[in-house]
>>> print(open('upload.cif').read())   # mmCIF, C-alpha atoms and all ligand atoms
data_my_file
#
loop_
_atom_site.label_atom_id
_atom_site.label_comp_id
_atom_site.auth_asym_id
_atom_site.auth_seq_id
_atom_site.Cartn_x
_atom_site.Cartn_y
_atom_site.Cartn_z
CA MET A 16 0.00 0.00 0.00
CA GLN A 17 1.40 3.39 -1.05
CA VAL A 18 1.20 6.53 1.06
CA SER A 19 -1.42 8.95 -0.32
CA HIS A 20 -1.84 12.64 0.48
CA PHE A 21 -5.39 13.87 0.03
CA LYS A 22 -5.77 17.36 -1.43
CA SER A 23 -8.87 19.52 -1.27
CA ALA A 24 -10.00 23.10 -0.83
CA GLY A 25 -9.44 24.30 2.74
CA ARG A 26 -13.15 24.17 3.62
CA LEU A 27 -16.17 22.71 1.80
CA ILE A 28 -19.59 24.29 2.33
CA THR A 29 -22.38 22.40 0.55
CA GLY A 30 -26.13 22.13 0.19
CA GLN A 31 -29.08 24.34 -0.70
CA GLY A 32 -28.53 27.85 0.65
CA ALA A 33 -24.79 27.29 1.23
CA THR A 34 -24.01 30.62 -0.44
CA ALA A 35 -25.45 32.37 2.65
CA SER A 36 -22.17 31.42 4.40
CA LEU A 37 -20.15 33.72 2.16
CA LYS A 38 -20.24 36.68 4.54
CA ASP A 39 -18.88 34.62 7.44
CA GLU A 40 -16.14 33.20 5.25
CA LEU A 41 -15.05 36.67 4.15
CA LEU A 42 -14.77 37.68 7.80
CA ARG A 43 -12.89 34.51 8.72
CA LEU A 44 -10.40 35.02 5.88
CA ASN A 45 -10.11 38.71 6.69
CA ILE A 46 -11.24 39.76 3.21
CA ARG A 47 -12.50 43.37 3.36
CA LYS A 48 -12.23 44.33 -0.29
CA PRO A 49 -13.06 41.31 -2.50
CA PHE A 50 -12.69 41.10 -6.27
CA VAL A 51 -15.42 38.98 -7.90
CA VAL A 52 -14.42 37.05 -11.03
CA THR A 53 -17.23 35.78 -13.26
CA ASP A 54 -18.35 35.52 -16.90
CA PRO A 55 -20.99 37.31 -18.98
CA GLY A 56 -23.39 34.32 -19.05
CA VAL A 57 -23.40 33.93 -15.28
CA TYR A 58 -23.61 37.71 -14.84
CA GLN A 59 -26.75 37.92 -16.96
CA SER A 60 -28.34 34.74 -15.59
CA GLY A 61 -29.23 36.19 -12.21
CA ALA A 62 -27.29 33.44 -10.38
CA LEU A 63 -24.78 36.07 -9.27
CA GLU A 64 -27.49 37.76 -7.18
CA HIS A 65 -27.11 35.06 -4.50
CA ILE A 66 -23.54 36.36 -4.09
CA LEU A 67 -23.88 40.10 -4.71
CA CYS A 68 -26.70 40.44 -2.17
CA GLN A 69 -24.12 39.65 0.55
CA LEU A 70 -21.51 42.14 -0.62
CA ASP A 71 -21.24 45.94 -0.66
CA LYS A 72 -23.11 47.59 -3.52
CA ASP A 73 -19.90 48.93 -5.05
CA VAL A 74 -18.06 45.57 -4.99
CA ALA A 75 -15.71 45.13 -7.98
CA VAL A 76 -17.01 42.53 -10.46
CA TYR A 77 -14.81 41.40 -13.36
CA LYS A 78 -17.31 39.75 -15.70
CA ASP A 79 -15.35 39.30 -18.93
CA ILE A 80 -14.04 35.75 -18.58
CA PRO A 81 -14.86 33.86 -21.81
CA PRO A 82 -15.37 30.08 -22.00
CA GLU A 83 -12.06 28.16 -22.24
CA PRO A 84 -9.99 31.30 -21.42
CA GLU A 85 -6.58 32.23 -22.84
CA ILE A 86 -3.57 33.69 -20.99
CA GLU A 87 -4.37 37.18 -22.30
CA VAL A 88 -7.66 37.15 -20.38
CA ILE A 89 -5.80 36.65 -17.11
CA GLU A 90 -3.39 39.44 -18.00
CA ASN A 91 -6.32 41.87 -18.41
CA CYS A 92 -7.92 40.65 -15.22
CA LEU A 93 -4.61 40.99 -13.35
CA ALA A 94 -4.23 44.59 -14.53
CA GLU A 95 -7.65 45.45 -13.02
CA PHE A 96 -6.87 43.52 -9.85
CA ASN A 97 -3.56 45.34 -9.39
CA ALA A 98 -5.11 48.75 -10.00
CA ASN A 99 -6.81 48.63 -6.58
CA ALA A 100 -5.93 47.25 -3.19
CA PHE A 101 -8.10 44.12 -3.34
CA ASP A 102 -7.44 41.63 -0.58
CA GLY A 103 -9.29 38.52 -1.78
CA ILE A 104 -10.92 36.85 -4.78
CA ILE A 105 -14.38 35.29 -5.12
CA ALA A 106 -14.73 33.13 -8.25
CA VAL A 107 -18.33 32.62 -9.37
CA GLY A 108 -18.82 30.53 -12.49
CA GLY A 109 -17.99 27.33 -14.28
CA GLY A 110 -14.51 25.93 -14.71
CA SER A 111 -13.53 28.84 -16.96
CA ALA A 112 -14.14 31.55 -14.33
CA ILE A 113 -12.83 29.44 -11.44
CA ASP A 114 -9.64 28.41 -13.29
CA SER A 115 -9.07 32.06 -14.28
CA ALA A 116 -9.51 33.20 -10.68
CA LYS A 117 -7.13 30.50 -9.45
CA VAL A 118 -4.43 31.68 -11.88
CA LEU A 119 -5.17 35.32 -11.04
CA ALA A 120 -4.70 34.61 -7.32
CA VAL A 121 -1.25 33.07 -7.82
CA ALA A 122 -0.20 35.57 -10.53
CA ALA A 123 -1.10 38.44 -8.18
CA SER A 124 1.04 36.86 -5.48
CA GLN A 125 4.31 36.68 -7.42
CA GLN A 126 6.40 38.46 -10.07
CA GLY A 127 6.93 37.18 -13.59
CA GLU A 128 5.08 36.07 -16.70
CA ILE A 129 1.90 34.03 -16.37
CA ALA A 130 3.25 31.65 -19.05
CA SER A 131 6.08 30.71 -16.65
CA LEU A 132 3.48 29.07 -14.36
CA PHE A 133 2.59 26.28 -16.84
CA GLY A 134 3.62 22.77 -15.84
CA THR A 135 3.83 21.17 -12.43
CA ASP A 136 4.91 23.03 -9.28
CA GLN A 137 6.12 26.19 -11.04
CA VAL A 138 4.06 28.44 -8.72
CA LYS A 139 6.04 30.00 -5.83
CA GLY A 140 3.17 30.79 -3.47
CA ARG A 141 -0.10 32.61 -2.92
CA HIS A 142 -1.04 35.21 -0.33
CA ILE A 143 -4.39 36.31 -1.82
CA PRO A 144 -7.27 34.29 -0.28
CA LEU A 145 -9.62 32.61 -2.76
CA ILE A 146 -13.24 31.46 -2.49
CA ALA A 147 -14.68 29.35 -5.35
CA ILE A 148 -18.43 29.10 -6.03
CA PRO A 149 -19.27 26.84 -9.00
CA THR A 150 -22.27 27.55 -11.24
CA THR A 151 -21.89 24.36 -13.32
CA ALA A 152 -21.82 20.72 -12.25
CA GLY A 153 -19.17 20.50 -13.39
CA THR A 154 -15.49 20.59 -13.54
CA GLY A 155 -14.75 20.16 -9.83
CA SER A 156 -12.25 23.01 -10.27
CA GLU A 157 -13.35 24.38 -6.86
CA VAL A 158 -11.39 21.55 -5.18
CA THR A 159 -8.54 20.76 -7.58
CA ASN A 160 -4.95 21.97 -7.80
CA ILE A 161 -5.20 22.41 -11.57
CA ALA A 162 -6.07 25.31 -13.87
CA ILE A 163 -6.33 24.95 -17.62
CA LEU A 164 -5.76 27.77 -20.11
CA SER A 165 -5.85 27.83 -23.91
CA ASP A 166 -2.65 28.77 -25.72
CA PRO A 167 -3.81 30.10 -29.11
CA ALA A 168 -0.25 30.33 -30.48
CA GLU A 169 0.37 26.61 -30.04
CA GLN A 170 -3.33 25.67 -30.45
CA LEU A 171 -3.08 23.71 -27.22
CA LYS A 172 -4.75 23.67 -23.83
CA LYS A 173 -2.13 23.87 -21.10
CA GLY A 174 -2.30 23.07 -17.42
CA ILE A 175 -0.89 24.75 -14.34
CA VAL A 176 -0.61 22.21 -11.53
CA SER A 177 0.20 23.51 -8.06
CA ASP A 178 -1.21 23.07 -4.57
CA TYR A 179 -1.23 26.88 -4.29
CA LEU A 180 -4.19 26.79 -6.69
CA LEU A 181 -6.39 24.98 -4.14
CA PRO A 182 -9.06 27.48 -3.03
CA ASP A 183 -9.38 28.33 0.67
CA VAL A 184 -13.13 27.70 0.53
CA ALA A 185 -15.46 25.97 -1.95
CA ILE A 186 -19.15 26.85 -1.63
CA VAL A 187 -21.19 24.34 -3.64
CA SER A 188 -24.84 25.23 -3.72
CA PRO A 189 -27.32 23.77 -6.25
CA GLU A 190 -29.27 27.01 -6.73
CA MET A 191 -26.19 28.47 -8.44
CA THR A 192 -26.70 25.95 -11.27
CA LEU A 193 -30.47 26.39 -11.82
CA SER A 194 -29.94 28.84 -14.69
CA CYS A 195 -27.37 26.66 -16.45
CA PRO A 196 -28.36 26.27 -20.15
CA LYS A 197 -29.26 22.75 -21.30
CA SER A 198 -26.19 22.28 -23.48
CA VAL A 199 -23.89 23.30 -20.60
CA THR A 200 -25.81 21.08 -18.14
CA ALA A 201 -25.22 18.14 -20.51
CA ALA A 202 -21.57 18.73 -21.40
CA SER A 203 -20.36 19.72 -17.93
CA GLY A 204 -22.48 16.94 -16.38
CA ILE A 205 -20.81 14.31 -18.57
CA ASP A 206 -17.43 15.90 -17.70
CA ALA A 207 -18.22 15.32 -14.01
CA LEU A 208 -19.17 11.70 -14.75
CA VAL A 209 -15.91 11.24 -16.69
CA HIS A 210 -13.98 12.59 -13.66
CA ALA A 211 -15.61 9.95 -11.46
CA ILE A 212 -15.12 7.09 -13.95
CA GLU A 213 -11.54 7.97 -14.89
CA SER A 214 -10.45 8.41 -11.29
CA TYR A 215 -12.00 5.02 -10.40
CA LEU A 216 -10.12 3.39 -13.31
CA SER A 217 -6.89 5.32 -12.64
CA VAL A 218 -3.78 3.37 -11.72
CA HIS A 219 -3.42 5.93 -8.89
CA ALA A 220 -6.87 5.26 -7.40
CA ASN A 221 -6.91 4.51 -3.67
CA ALA A 222 -9.57 3.67 -1.08
CA VAL A 223 -10.36 7.32 -0.43
CA THR A 224 -10.75 8.31 -4.09
CA ASP A 225 -12.69 5.09 -4.83
CA ALA A 226 -15.31 5.94 -2.21
CA LEU A 227 -15.70 9.46 -3.61
CA ALA A 228 -15.82 8.29 -7.23
CA ILE A 229 -18.46 5.60 -6.61
CA LYS A 230 -20.72 7.97 -4.67
CA ALA A 231 -20.27 10.59 -7.40
CA MET A 232 -21.40 8.12 -10.09
CA GLN A 233 -24.38 7.04 -7.98
CA LEU A 234 -25.48 10.67 -7.76
CA ILE A 235 -24.68 11.82 -11.29
CA TYR A 236 -25.87 8.90 -13.45
CA PRO A 237 -29.57 9.11 -12.49
CA ALA A 238 -29.63 12.88 -11.88
CA LEU A 239 -28.15 14.10 -15.18
CA PRO A 240 -31.13 13.18 -17.43
CA LYS A 241 -33.47 14.74 -14.84
CA ALA A 242 -31.50 17.99 -14.63
CA TYR A 243 -31.37 18.04 -18.43
CA ALA A 244 -35.11 17.35 -18.78
CA ARG A 245 -36.03 20.09 -16.31
CA GLY A 246 -33.42 22.60 -15.29
CA ASP A 247 -35.56 23.72 -12.35
CA ASN A 248 -35.49 20.26 -10.72
CA ILE A 249 -33.64 21.37 -7.57
CA GLN A 250 -33.15 17.84 -6.25
CA ALA A 251 -31.51 16.73 -9.53
CA ARG A 252 -29.41 19.92 -9.48
CA GLU A 253 -28.36 19.18 -5.89
CA HIS A 254 -27.32 15.62 -6.76
CA MET A 255 -25.38 16.94 -9.76
CA ALA A 256 -23.66 19.67 -7.69
CA THR A 257 -22.66 17.23 -4.94
CA GLY A 258 -21.70 14.52 -7.45
CA SER A 259 -19.51 16.97 -9.34
CA LEU A 260 -17.79 18.04 -6.11
CA LEU A 261 -17.11 14.41 -5.10
CA ALA A 262 -15.84 13.61 -8.60
CA GLY A 263 -13.55 16.65 -8.40
CA LEU A 264 -12.14 15.44 -5.08
CA ALA A 265 -11.62 11.96 -6.60
CA PHE A 266 -9.83 13.04 -9.78
CA GLY A 267 -7.95 15.84 -8.01
CA ASN A 268 -6.18 13.03 -6.15
CA ALA A 269 -6.29 9.95 -8.43
CA GLY A 270 -6.03 11.81 -11.75
CA VAL A 271 -7.95 11.44 -15.00
CA GLY A 272 -6.88 9.34 -17.98
CA ALA A 273 -7.18 8.79 -21.72
CA VAL A 274 -10.62 10.37 -22.17
CA HIS A 275 -9.17 13.69 -21.05
CA ALA A 276 -5.88 13.16 -22.91
CA LEU A 277 -7.73 12.58 -26.19
CA ALA A 278 -10.12 15.46 -25.48
CA TYR A 279 -7.34 18.03 -25.03
CA PRO A 280 -6.35 18.41 -28.73
CA LEU A 281 -10.05 18.75 -29.70
CA GLY A 282 -10.26 21.78 -27.41
CA GLY A 283 -6.91 23.26 -28.41
CA ARG A 284 -7.25 22.85 -32.18
CA TYR A 285 -11.01 22.85 -32.79
CA HIS A 286 -12.21 24.84 -29.78
CA LEU A 287 -14.70 22.21 -28.67
CA SER A 288 -15.65 22.92 -25.06
CA HIS A 289 -13.95 20.80 -22.41
CA GLY A 290 -17.19 18.99 -21.54
CA LEU A 291 -18.17 18.25 -25.14
CA SER A 292 -14.75 17.00 -26.17
CA ASN A 293 -14.69 14.62 -23.21
CA ALA A 294 -18.27 13.49 -23.81
CA VAL A 295 -17.67 12.61 -27.46
CA MET A 296 -14.55 10.56 -26.63
CA LEU A 297 -15.96 8.84 -23.51
CA PRO A 298 -17.73 5.78 -25.04
CA HIS A 299 -14.79 5.04 -27.35
CA VAL A 300 -12.12 5.24 -24.66
CA LEU A 301 -14.27 3.14 -22.29
CA GLN A 302 -14.51 0.48 -25.01
CA TRP A 303 -10.70 0.54 -25.29
CA ASN A 304 -10.18 0.30 -21.53
CA LEU A 305 -12.66 -2.52 -20.87
CA MET A 306 -10.25 -5.46 -21.32
CA ALA A 307 -7.76 -3.88 -18.88
CA SER A 308 -10.17 -3.24 -16.07
CA ARG A 309 -13.11 -5.70 -16.14
CA GLU A 310 -13.45 -5.88 -12.34
CA ARG A 311 -13.61 -2.11 -12.00
CA PHE A 312 -16.10 -1.84 -14.87
CA THR A 313 -18.23 -4.38 -12.98
CA ASP A 314 -18.01 -2.25 -9.81
CA ILE A 315 -19.15 0.83 -11.73
CA ALA A 316 -22.01 -1.09 -13.38
CA ALA A 317 -23.16 -2.23 -9.93
CA ALA A 318 -22.85 1.30 -8.53
CA ILE A 319 -25.19 2.71 -11.18
CA GLY A 320 -27.63 -0.18 -10.86
CA LEU A 321 -27.03 -2.18 -14.06
CA PRO A 322 -28.17 -5.84 -13.81
CA SER A 323 -25.35 -8.36 -13.33
CA HIS A 324 -27.02 -11.66 -12.38
CA GLY A 325 -25.64 -14.62 -14.34
CA ARG A 326 -23.50 -12.47 -16.63
CA SER A 327 -19.75 -12.55 -17.25
CA GLN A 328 -17.58 -9.57 -16.27
CA GLN A 329 -17.02 -8.89 -19.97
CA ASP A 330 -20.81 -8.71 -20.57
CA ILE A 331 -21.37 -6.47 -17.57
CA GLY A 332 -18.50 -4.22 -18.67
CA GLN A 333 -19.95 -4.02 -22.17
CA SER A 334 -23.38 -3.16 -20.74
CA LEU A 335 -21.70 -0.27 -18.89
CA VAL A 336 -20.18 1.07 -22.14
CA ASP A 337 -23.63 0.80 -23.76
CA ALA A 338 -25.41 2.49 -20.85
CA ILE A 339 -22.97 5.43 -20.88
CA THR A 340 -23.37 5.74 -24.66
CA THR A 341 -27.16 5.83 -24.22
CA LEU A 342 -26.85 8.53 -21.55
CA CYS A 343 -24.73 10.66 -23.90
CA ARG A 344 -27.42 10.33 -26.61
CA GLU A 345 -30.19 11.17 -24.14
CA VAL A 346 -28.55 14.48 -23.27
CA GLU A 347 -27.91 15.14 -26.97
CA ILE A 348 -24.13 14.90 -27.08
CA PRO A 349 -23.14 14.51 -30.76
CA ALA A 350 -22.06 10.93 -31.40
CA ARG A 351 -19.21 11.52 -33.85
CA LEU A 352 -16.23 13.79 -34.34
CA ARG A 353 -17.36 14.49 -37.92
CA GLU A 354 -20.38 16.34 -36.50
CA PHE A 355 -17.98 19.06 -35.27
CA SER A 356 -16.55 19.55 -38.79
CA ILE A 357 -13.25 18.04 -37.75
CA GLN A 358 -11.22 17.02 -40.81
CA GLU A 359 -10.47 13.30 -41.08
CA ASN A 360 -7.00 14.23 -42.42
CA ASP A 361 -6.23 15.85 -39.08
CA ILE A 362 -6.56 12.61 -37.11
CA PRO A 363 -2.82 11.73 -37.23
CA LEU A 364 -2.00 15.22 -35.96
CA LEU A 365 -4.59 14.94 -33.17
CA ALA A 366 -3.11 11.55 -32.23
CA LYS A 367 0.39 13.02 -32.12
CA GLU A 368 -0.77 15.81 -29.81
CA ALA A 369 -2.76 13.49 -27.54
CA SER A 370 0.19 11.10 -27.23
CA LYS A 371 2.17 13.97 -25.63
CA VAL A 372 -0.35 14.29 -22.78
CA THR A 373 1.62 11.74 -20.77
CA ARG A 374 0.65 13.40 -17.45
CA LEU A 375 -2.83 11.89 -18.00
CA LEU A 376 -2.07 8.87 -20.20
CA ASN A 377 0.14 7.54 -17.41
CA ASN A 378 -2.94 7.26 -15.17
CA ASN A 379 -4.88 5.19 -17.69
CA PRO A 380 -5.48 1.48 -16.98
CA ARG A 381 -4.52 0.48 -20.55
CA ALA A 382 -1.41 1.81 -22.32
CA LEU A 383 -1.90 3.72 -25.57
CA SER A 384 0.62 4.17 -28.37
CA GLU A 385 0.21 6.97 -30.89
CA SER A 386 -1.29 4.48 -33.37
CA ASP A 387 -3.72 3.18 -30.70
CA ILE A 388 -4.86 6.77 -30.15
CA GLU A 389 -5.29 7.23 -33.89
CA ARG A 390 -7.43 4.09 -33.97
CA ILE A 391 -9.69 5.44 -31.21
CA TYR A 392 -10.12 8.80 -32.99
CA ARG A 393 -11.03 6.91 -36.18
CA ALA A 394 -13.61 4.85 -34.26
CA ALA A 395 -15.05 8.13 -32.91
CA TYR A 396 -15.04 9.78 -36.35
N1 LIG A 401 -9.40 22.99 -13.02
C1 LIG A 401 -9.97 21.85 -13.22
O1 LIG A 401 -9.87 20.95 -12.39
C2 LIG A 401 -10.79 21.67 -14.45
C3 LIG A 401 -11.42 20.45 -14.68
C4 LIG A 401 -12.19 20.32 -15.82
C5 LIG A 401 -12.32 21.39 -16.71
N2 LIG A 401 -11.69 22.56 -16.47
C6 LIG A 401 -11.81 23.72 -17.37
O2 LIG A 401 -13.07 24.33 -17.11
C7 LIG A 401 -13.55 24.97 -18.30
C8 LIG A 401 -14.97 24.50 -18.60
O3 LIG A 401 -15.80 24.82 -17.53
P1 LIG A 401 -17.38 24.51 -17.52
O4 LIG A 401 -17.65 23.26 -18.21
O5 LIG A 401 -17.81 24.64 -16.11
O6 LIG A 401 -18.00 25.66 -18.43
P2 LIG A 401 -17.64 27.23 -18.55
O7 LIG A 401 -17.19 27.79 -17.27
O8 LIG A 401 -16.76 27.40 -19.73
O9 LIG A 401 -19.08 27.83 -18.89
C9 LIG A 401 -19.72 27.49 -20.12
C10 LIG A 401 -20.85 28.48 -20.42
O10 LIG A 401 -21.91 28.29 -19.50
C11 LIG A 401 -22.33 29.51 -18.95
N3 LIG A 401 -22.79 29.25 -17.56
C12 LIG A 401 -22.12 28.60 -16.58
N4 LIG A 401 -22.88 28.50 -15.49
C13 LIG A 401 -24.05 29.12 -15.76
C14 LIG A 401 -25.24 29.36 -15.00
N5 LIG A 401 -25.41 28.89 -13.77
N6 LIG A 401 -26.23 30.07 -15.59
C15 LIG A 401 -26.10 30.52 -16.86
N7 LIG A 401 -25.00 30.31 -17.63
C16 LIG A 401 -23.99 29.61 -17.08
C17 LIG A 401 -21.12 30.42 -19.01
O11 LIG A 401 -21.52 31.77 -19.09
C18 LIG A 401 -20.44 29.95 -20.29
O12 LIG A 401 -20.93 30.64 -21.41
C19 LIG A 401 -12.57 24.61 -19.40
O13 LIG A 401 -11.68 25.67 -19.62
C20 LIG A 401 -11.85 23.41 -18.85
O14 LIG A 401 -10.56 23.25 -19.40
C21 LIG A 401 -10.95 22.71 -15.34
FE FE A 402 -12.76 17.33 -17.10
#
>>> encode(input="upload.cif", output="structure tokens")
Amino acid sequence: MQVSHFKSAGRLITGQGATASLKDELLRLNIRKPFVVTDPGVYQSGALEHILCQLDKDVAVYKDIPPEPEIEVIENCLAEFNANAFDGIIAVGGGSAIDSAKVLAVAASQQGEIASLFGTDQVKGRHIPLIAIPTTAGTGSEVTNIAILSDPAEQLKKGIVSDYLLPDVAIVSPEMTLSCPKSVTAASGIDALVHAIESYLSVHANAVTDALAIKAMQLIYPALPKAYARGDNIQAREHMATGSLLAGLAFGNAGVGAVHALAYPLGGRYHLSHGLSNAVMLPHVLQWNLMASRERFTDIAAAIGLPSHGRSQQDIGQSLVDAITTLCREVEIPARLREFSIQENDIPLLAKEASKVTRLLNNNPRALSESDIERIYRAAY
């Protein structure tokens, strides 16, 4: 048994109405002049009201974070942050706003170019306190030590990995997600499910992450179609919000695998959203992984209530792949890469780029060569 260190945000506040704790948390962290980081969609949705009603009327709100943000966005945000004596950051949004706020918090705490932070453990420290409040369910970014930015020059998505990115507080409250559009509910919901599945299949899974991943799947699998069918179903939204949080805690410690590795170039080169690119690859990578991890596929099938009596592990595993494929169709995730006008000629290039994402491929239960990856993209085409 290996020694594992469990990483999380400093404090987790969850459940309906959890946002009402914000004021107390600001006091506890000694934040007198907060800087709110959000995006235009969340700003217009009304979800932000749950937060703004607890802050001074003249609180600074930076609302220009776009989906899948680039480094330049953080530079603009940093210039506004530095122009005043702000003493804390409140991130309100999906993974894009939360990741941006995480990078802002560390960039504001040290000298140097933001680009120098890419990679693992390049961040020197953070003295600006950070509160993360997700509005999607979701990326789990509120509890992970990762932030992902797009690099338009290299047409790649790049990660910053550092424990200084872990927020001081995560407030996960389902009412923040009620206004989430259907397409975002679907794509970010499948992303959360992928986090749970990939961390359960990861070669770095342990007893703690397993427990979190299984509970996450039990919450997300039945709740996602309900939240998609009716966005105002608060119980489904609550199960999704909690499931996404648990999945974030699981993958933040066990890692994700080949689904994410193969999704990265689709985001970098074709600008598919993170959730969509994962969702379209999920059934194909699961099919690839089945032979390497039949017992764990059987565990997942049992967790989400698929019948197992009298069936072989291979059959149960296959029924899991089929059930996940059906779920993706139910929430209207396009089935094929060609539906995103991706060129078939680009597949070798995509495979080359995905094969470089060794940070994630190394977690995967089945090894993948560049030609294996090409084969999976072709199956998904
Ligand atoms: N740090 C991590 O651990 C981690 C993990 C996975 C993904 N990510 C990153 O997160 C980003 C994706 O985040 P996401 O899937 O949460 O989507 P997002 O933050 O990009 O938001 C997508 C869209 O949904 C809108 N939206 C979000 N919540 C809403 C709400 N409640 N009401 C109305 N509109 C709402 C936004 O305005 C935006 O237009 C990507 O950049 C991805 O790389 C980070
Ligand atoms: Fe993800």
>>> residues_near_ligand(input="upload.cif", ligand="ligand LIG 401 (chain A)", cutoff="8 Å", atoms="only C-alpha atoms and all ligand atoms", output="PyMOL selection string")
chain A and resi 54-62+81-84+108-114+149-165+172+191-196+199+202-203+206+263+267+288-290
>>> residues_around(input="upload.cif", residues="stretch 65-73 of chain A", least_positions_apart="3", cutoff="9 Å", atoms="only C-alpha atoms", output="ChimeraX atom specification")
/A:32,34-35,37-38,49,61-62,76,107,190-191
>>> residues_around(input="upload.cif", residues="A:Asp225", least_positions_apart="4", cutoff="12 Å", atoms="all atoms listed in the file", output="PDB file with C-alpha atoms, in the frame of the given file")
ATOM      1  CA  HIS A 210     -13.980  12.590 -13.660  1.00  0.00           C
ATOM      2  CA  ALA A 211     -15.610   9.950 -11.460  1.00  0.00           C
ATOM      3  CA  ILE A 212     -15.120   7.090 -13.950  1.00  0.00           C
ATOM      4  CA  GLU A 213     -11.540   7.970 -14.890  1.00  0.00           C
ATOM      5  CA  SER A 214     -10.450   8.410 -11.290  1.00  0.00           C
ATOM      6  CA  TYR A 215     -12.000   5.020 -10.400  1.00  0.00           C
ATOM      7  CA  LEU A 216     -10.120   3.390 -13.310  1.00  0.00           C
ATOM      8  CA  SER A 217      -6.890   5.320 -12.640  1.00  0.00           C
ATOM      9  CA  VAL A 218      -3.780   3.370 -11.720  1.00  0.00           C
ATOM     10  CA  HIS A 219      -3.420   5.930  -8.890  1.00  0.00           C
ATOM     11  CA  ALA A 220      -6.870   5.260  -7.400  1.00  0.00           C
ATOM     12  CA  ASN A 221      -6.910   4.510  -3.670  1.00  0.00           C
ATOM     13  CA  ILE A 229     -18.460   5.600  -6.610  1.00  0.00           C
ATOM     14  CA  LYS A 230     -20.720   7.970  -4.670  1.00  0.00           C
ATOM     15  CA  ALA A 231     -20.270  10.590  -7.400  1.00  0.00           C
ATOM     16  CA  MET A 232     -21.400   8.120 -10.090  1.00  0.00           C
ATOM     17  CA  LEU A 261     -17.110  14.410  -5.100  1.00  0.00           C
ATOM     18  CA  ALA A 262     -15.840  13.610  -8.600  1.00  0.00           C
ATOM     19  CA  LEU A 264     -12.140  15.440  -5.080  1.00  0.00           C
ATOM     20  CA  ALA A 265     -11.620  11.960  -6.600  1.00  0.00           C
ATOM     21  CA  PHE A 266      -9.830  13.040  -9.780  1.00  0.00           C
ATOM     22  CA  ASN A 268      -6.180  13.030  -6.150  1.00  0.00           C
ATOM     23  CA  ALA A 269      -6.290   9.950  -8.430  1.00  0.00           C
ATOM     24  CA  GLY A 270      -6.030  11.810 -11.750  1.00  0.00           C
ATOM     25  CA  ARG A 311     -13.610  -2.110 -12.000  1.00  0.00           C
ATOM     26  CA  ASP A 314     -18.010  -2.250  -9.810  1.00  0.00           C
ATOM     27  CA  ILE A 315     -19.150   0.830 -11.730  1.00  0.00           C
ATOM     28  CA  ALA A 318     -22.850   1.300  -8.530  1.00  0.00           C
TER      29      ALA A 318
END
>>> axis_aligned_box(input="upload.cif", around="stretch 285-304 of chain A", padding_each_side="4 Å", output="JSON")
{"center_x": -14.2, "center_y": 12.6, "center_z": -27.2, "size_x": 16.1, "size_y": 32.5, "size_z": 19.3}
>>> atom_distance(input="upload.cif", atom1="atom CA of A:Arg374", atom2="atom CA of A:Asn91")
29.3 Å
>>> closest_residue(input="upload.cif", among="A:Gly204, A:Gly325, A:Pro363, A:Gly272", to="A:Asn377", atoms="only C-alpha atoms")
A:Gly272
>>> closest_residue(input="upload.cif", among="A:Pro189, A:Pro182, A:Pro240, A:Pro322", to="A:His254", atoms="only C-alpha atoms")
A:Pro189
>>> atom_distance(input="upload.cif", atom1="atom CA of A:Ile104", atom2="atom CA of A:Ile143")
7.2 Å
>>> residues_near_point(input="upload.cif", point="(-7.7, 45.1, -12.2)", cutoff="12 Å", atoms="all atoms listed in the file", output="JSON, numbers by chain")
{"A": [49, 50, 51, 52, 75, 76, 77, 78, 79, 88, 89, 90, 91, 92, 93, 94, 95, 96, 97, 98, 99, 100, 101, 104, 119, 120, 123]}
>>> closest_residue(input="upload.cif", among="A:Asp183, A:Ser177, A:Lys367, A:Gln125", to="A:Asp387", atoms="all atoms listed in the file")
A:Lys367
>>> closest_residue(input="upload.cif", among="A:Val346, A:Leu352, A:Val209, A:Met306", to="ligand FE 402 (chain A)", atoms="all atoms listed in the file")
A:Val209
